[in-house]
Structure formats: structure tokens, C-alpha cells
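Novice: I'd like to ask some things about the structure below.
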Amino acid sequence: MLNDKPKMNFPLTEYLSARNVGLACFIIVSLLNFSCLFNPPYWDDILGLHNQALFLAGNQFNIAKLWEQQGYLAGGSNVYPLGIIPFFYGILYSIFKPEYVHLTGHLFNIACLSVAFTLFFLILRKYVSPWNALLWCIAALCEPVMAGRTAELGQESPLIALAAAAIYCIALQRIRTGLIFILLASLVKPTAGLLAFAAVAWLFAGGIIPPRFFRERFFKGKWLQYFACSIAAGLMVVGISILTGDAYKSLPSLSSLLVRGEFIFSKLLPVQAIFLAGVIVAAGAALVRLKTKKVFWKDWFSLYLLIFIAGFWLVFIFYPVPLPRYTGLAVFPVCAFLALNIRRRYCNALAAGLAVLLGIAAMDGLFYPALQPLSSRSGEYLERSREYITDLRSNVAFCRVLEKDAFLNPIVAKWPFVQMLTMPELGYVTNPAPDVYAVGTLPKYTSAKLFTGFQNMPENTLYIYAFNSFEAWSKFGPSLQPRPSDQIVVSDDTLGGLLLVYRRK
């Protein structure tokens, strides 16, 4: 019939199988990060994960001995008492040379993100076109924090993969299997417990409405069992949090929350702020729509995602030290919620395309507002995008210059340069600097000595000064800021923040 409109058929759709999507994601992301595959660990991954992994590798994985150690702030190696990823890297350090540990770690993390990518694609493909599903998953990986996770050597990527597995199971109504994945994820980081708490709230919400709308229709008599299991999983995560020292100490004031929120969404995470604005609009539109239309499983699953997203950001804002990289856990759920709740196909594709373009434009921090001077070389803030990779490479070059020209001098530094210069396994130097002094807290897993004052150091001592949070933190005093009369030996102003070596005069 000439007047019949042909059914729109996008070519290559038949190739969008789970295996092909996952493999393509792994290959493409690996190629895009080819120059980063041998990068050493950075910032907190030095001070926590790889510090503990090297301790385990050097002590025959003696857990009792690990638990005897002091924690992070006291300069010890017991940073993640129940963490499973330090054991993974510890095994790698026991088998391979450090550079191959780093290569394996990068490929492992890319594989984890490819798993998350594939699982969310499978969820979305059930409700939106395959190409829209693919676009939203690409948008999630292009978001600046997530783009940075593709080049990391930390724990966020396996956490995201296990969380994706849990959400996938919940999307398929396999609640108990999802809770098992949540518990596994909690052994990477207790943050994953938010998924269990979201399940409790979600199932409770379903339990207080007429049974035919939720309990009988979707769970067929198993609602109470699932509800009890989700409460049990939540309590287990609370126990893990207490054992690992992640429980809250105190709540911040309202004024400090407002200041923190303004800093987070304007300086650290402006792209995610836009995504969240989209979530709020989409949630409001869905609520209006559901008043007149039938509720499907997609709507109940969207409610679960919404509860998790709201809970995550509430906890993030209240958390004493909310770091940008933590938000990687919420990016795929946010993109999935938007994909499920922008109903018109072409509007959905347009929104996904704009999200991809926004992420690509901002993933290197090019259009982000500048950080304050004493944060401009702070890794925990630079991980808001891939700009931290620039700082990492600058730090490697900086340490190599010191190793080549000044290793025999006494060197006074703060974290993480103390660790970089004394732990060659990290990849910043080839041999440990023989005479390093740590200002503030002494990392006991290094060969460094405690700095006791400028007056106790010889004239040929070199001092490292950087625009970062350790310089501003009183626990790591005194300040190493040079005086006008001091002699600058090496200077670096990458990312607009100073990193220099000087002699006191």
C-alpha cells in the first residue's frame, strides 16, 4: 500500500546483543584510555587501597596483622578492614611487577564498567529502543566523574559493577539475588548499602497500598519475604559500616549544608547538577501521568531508582567529606531513570544525545569553574573530571626530576609526596628516596622519618610545597609555603596550582 508508512528500521540493531555491547564497550574504552593504561595509582588510591594491598602482599595476607595496624589518619595500613579489593591488588603485587599490576588494574576497572554498561543496556532495552538505551549508557560513561573512573586504579569501578548487577536483578524481580550482590558490593565499600535501604523503602511503599497494585501483581505472595530479606541486608551493611569505621560521627548544621551544597553543585559536579534537575522534572511529570494511567512494572522499578537516587544524594550531602568520585555509583541509575521516564521516543533520544555531548565537552574539566588556590592541586577535588590525569602525569614527571637530580638531599614533604618518593611500587620513582621527612602524620608503612622542625634540618634540605588540601589541613602542619627569600629549585604550575621545590635561605 503506497500510503502505508514503512516501519522505521535502524541498521545494525541485530548486533546489539549483550556480548557485543559489552565487548565493544571494553575495547573502545580501553583504546580511548590507551595512554593511561600504565598510569600509577593517584591520590587516595595511594594512601588507602594500594598502601593496604602492598602491606598484605608483604605480610603473607595476614589479616590479624592488618587489623593490628592503625588506620588511615594515624598513618597505618588498616584502611579498609573488610575490603576485598585490597586483596585483589595484593595478589597482583605478589605475582607481577608493579607496572603490570597497574596495567591489569586498569583493564580490570574498564571491564567492570563495561559490565555495568551492559547490564544497564539490558535493563533499558526492555522499555526503550536499543539505540536510545545505548545512547543513555554512553551518556553515563561520558559524565565527567565516570569518564575519570575509566582511567582509575581505585575501587569505584568494581563497586559500580556489583551495584549494576544488583539493580539488574531487582529489575528482573529477583530481589534476593539482588540483595546478595548488594552485600558483595558492601565488601568493596559500605556505600552500596544504600541500595538495600532503598529496597526497604521501596518495598514498604508497595506494602502500604492495596495488594492488587504491587504485592499480588508483581510478587505473588513473596512480598513479605523480600521485605524481611531487604531489612536483614540493610542491618548487615550497618554492621559492616560500624566495623569499618564509616558510621556518622555527627550531623552538620543547616548553614554548613547550604555552603557545602553550593560548592558541590557549582564547582565540583555541575554536570550532575543538570542531570539531577532533569530527574526532578521527569519525576514530577511521571507523577502527573500516573494519576490517569495504569501503573506498570517499569513505573515501580523507576520508583526504586528514584528512592536510591534521592537517598544517595541526601547521604552524600550529609557525609563529612563528600568526594566527587563517590558519585560514580549514582550516575548509571540517574541516566536509567531519565531514559525510562522521558516517554516520547525522539525527545528521549535528543535528551540522551545532549547528555553525551555535555559529558564529552566537560570530561576534561575544560569548562568547569576554577578551584580555590589551595585546592587546585588536590586530587580528591580534581577527580570531578579527567583533569586529575594531568596532575598525575605532572606528579610523575616531578618525582622523576627529583630522583634524577636531588635524591641524596634530605627532602621534606607532605602526603602524598612522601609515599610517592619512598614507595617505588607505586610507579613514581624507581628507587626509594633515602632521606625523606614527613610533615604532620608519619606514614608508618614507608621509610620516611617524622619532620620535627625547620631548625633541625641541614642547609641542603629540599622542601616540597603544593597547592593542596594537606597544606591547608592543620593535622599536617606546619605550612611548607616558601618565604620570599627562599630559593626555588623546581616549579610547576599545571592546572593553575603551584607545585615547587625550594631551599630555605
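Going through the C-alpha cells in order, the chains are called A, B, and so on, while each chain numbers its residues from 1 and the ligands are numbered from 1 in the order shown.
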Please report, as a ChimeraX atom specification, each residue of segment 224-444 of chain A to which DSSP assigns alpha helix (DSSP H) when run on this structure's backbone.

Specialist: /A:224-244,254-263,270-290,297-318,328-341,345-362,379-382,387-405,417-422

Novice: Using only C-alpha atoms, find each residue in segment 162-271 of chain A having at least one atom no more than 10 Å away from segment 333-338 of chain A; report its shortest atom-to-atom pair and that distance in Å (one decimal), rows by chain then rising number, as CSV.

Specialist:
residue,atom,partner,partner_atom,distance
A:Ala163,CA,A:Pro333,CA,9.7
A:Ala164,CA,A:Pro333,CA,8.5
A:Ile167,CA,A:Pro333,CA,8.6

Novice: At a cut-off of 10 Å, using only C-alpha atoms, what residues contact Ala205 of chain A? Leave out same-chain residues fewer than 4 positions from it and give the result as an MDAnalysis selection string.

Specialist: chainID A and resid 199:201 209 214 303:304

Novice: So that I can see what lies close to segment 308-319 of chain A, please list as a short mmCIF file (atom, residue, chain, number, x, y, z; two decimals) with C-alpha atoms, in the first residue's frame the residues with an atom at most 7 Å from it, counting only C-alpha atoms and leaving out residues fewer than 2 positions away in the same chain.

Specialist:
data_model
loop_
_atom_site.label_atom_id
_atom_site.label_comp_id
_atom_site.auth_asym_id
_atom_site.auth_seq_id
_atom_site.Cartn_x
_atom_site.Cartn_y
_atom_site.Cartn_z
CA LEU A 194 22.16 2.46 50.16
CA LEU A 195 20.77 0.06 47.56
CA ALA A 198 16.30 1.88 49.04
CA LEU A 251 25.41 15.87 61.66
CA PRO A 252 26.37 19.21 60.07
CA LEU A 257 24.96 22.12 54.39
CA GLY A 261 25.77 22.09 48.54
CA TYR A 304 13.13 2.16 43.17
CA LEU A 305 15.72 4.07 41.17
CA LEU A 306 14.27 7.37 42.34
CA VAL A 321 33.91 14.54 53.33
CA PRO A 322 31.80 14.15 50.15
CA ALA A 330 24.70 7.10 41.13
CA VAL A 334 20.28 8.60 37.13
#

Novice: Please build the interface table for segment 370-467 of chain A against segment 71-92 of chain A with a cut-off of 7 Å, listing for each qualifying residue the nearest atom pair and the distance in Å to one decimal; count only C-alpha atoms, order rows by chain and increasing number, and write it as a Markdown table.

Specialist:
| residue | atom | partner | partner_atom | distance |
| --- | --- | --- | --- | --- |
| A:Thr441 | CA | A:Gly75 | CA | 6.2 |
| A:Leu442 | CA | A:Gly75 | CA | 5.7 |
| A:Pro443 | CA | A:Gly75 | CA | 4.1 |
| A:Lys444 | CA | A:Gly75 | CA | 5.6 |
| A:Tyr445 | CA | A:Gly76 | CA | 6.6 |

Novice: Between A:Val288, A:Val259, A:Ala151, A:Leu124, single out the one closest to Ile110 of chain A, counting only C-alpha atoms.

Specialist: A:Ala151

Novice: Write out as a list in words which residues come within 8 Å of Trp136 of chain A when counting only C-alpha atoms, dropping same-chain ones fewer than 3 positions away.

Specialist: Asn132, Ala133, Ala139, Ala140, Cys335, Ala336, Ala339, Ala352, Gly353, Ala355 and Val356 of chain A

Novice: Suppose we keep N, CA, C and O atoms; can you now write the selection as a compact mmCIF listing (two decimals), in the first residue's frame?

Specialist:
# COMPACT_ATOMS: atom_id res chain seq x y z
N ASN A 132 18.34 4.12 21.77
CA ASN A 132 18.19 5.06 22.89
C ASN A 132 18.83 4.50 24.15
O ASN A 132 19.47 5.23 24.92
N ALA A 133 18.65 3.19 24.38
CA ALA A 133 19.29 2.54 25.53
C ALA A 133 20.80 2.69 25.45
O ALA A 133 21.47 3.01 26.45
N ALA A 139 26.00 8.09 27.60
CA ALA A 139 25.93 9.34 28.37
C ALA A 139 26.45 9.14 29.78
O ALA A 139 27.14 10.00 30.33
N ALA A 140 26.13 7.99 30.38
CA ALA A 140 26.61 7.71 31.74
C ALA A 140 28.14 7.62 31.76
O ALA A 140 28.78 8.17 32.66
N CYS A 335 20.90 8.10 34.83
CA CYS A 335 20.66 8.03 33.38
C CYS A 335 19.55 7.03 33.06
O CYS A 335 18.73 7.25 32.15
N ALA A 336 19.50 5.92 33.81
CA ALA A 336 18.43 4.94 33.59
C ALA A 336 17.07 5.53 33.93
O ALA A 336 16.08 5.30 33.20
N ALA A 339 16.05 7.78 31.13
CA ALA A 339 15.68 7.01 29.95
C ALA A 339 14.29 6.41 30.08
O ALA A 339 13.53 6.36 29.11
N ALA A 352 19.23 12.18 25.49
CA ALA A 352 20.42 11.33 25.63
C ALA A 352 21.58 11.90 24.83
O ALA A 352 22.73 11.93 25.30
N GLY A 353 21.30 12.35 23.62
CA GLY A 353 22.36 12.93 22.79
C GLY A 353 22.96 14.17 23.43
O GLY A 353 24.19 14.35 23.42
N ALA A 355 23.02 14.80 26.61
CA ALA A 355 23.79 14.35 27.77
C ALA A 355 25.16 13.85 27.36
O ALA A 355 26.17 14.11 28.04
N VAL A 356 25.23 13.15 26.23
CA VAL A 356 26.53 12.68 25.72
C VAL A 356 27.42 13.86 25.37
O VAL A 356 28.60 13.92 25.76

Novice: Would you kindly return, as a PyMOL selection string, each protein, DNA or RNA residue with an atom no farther than 10 Å from any atom of segment 218-231 of chain A, considering only C-alpha atoms and excluding same-chain residues fewer than 4 positions away?

Specialist: chain A and resi 173-176+178-180+182+195-204+206-207+211-214+235-237+296-297+300

Novice: Identify which of the residues A:Gly477, A:Pro158, A:Gly48, A:Gly496 lies closest to Ser375 of chain A, counting only C-alpha atoms when measuring atom-to-atom distances.

Specialist: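 The shortest atom-to-atom distance to Ser375 of chain A comes from A:Gly496.
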
Novice: Given the choices A:Tyr381, A:Ala18, A:Ser469, A:Ala351, which gets closest to Pro130 of chain A if the distance is worked out from only C-alpha atoms?

Specialist: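 Ranking A:Tyr381, A:Ala18, A:Ser469, A:Ala351 by distance to Pro130 of chain A, first place goes to A:Ala18.
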
Novice: So which one's closest to Ser378 of chain A, A:Leu498, A:Val145, A:Ala171, A:Val429? Using only C-alpha atoms, please.

Specialist: A:Leu498
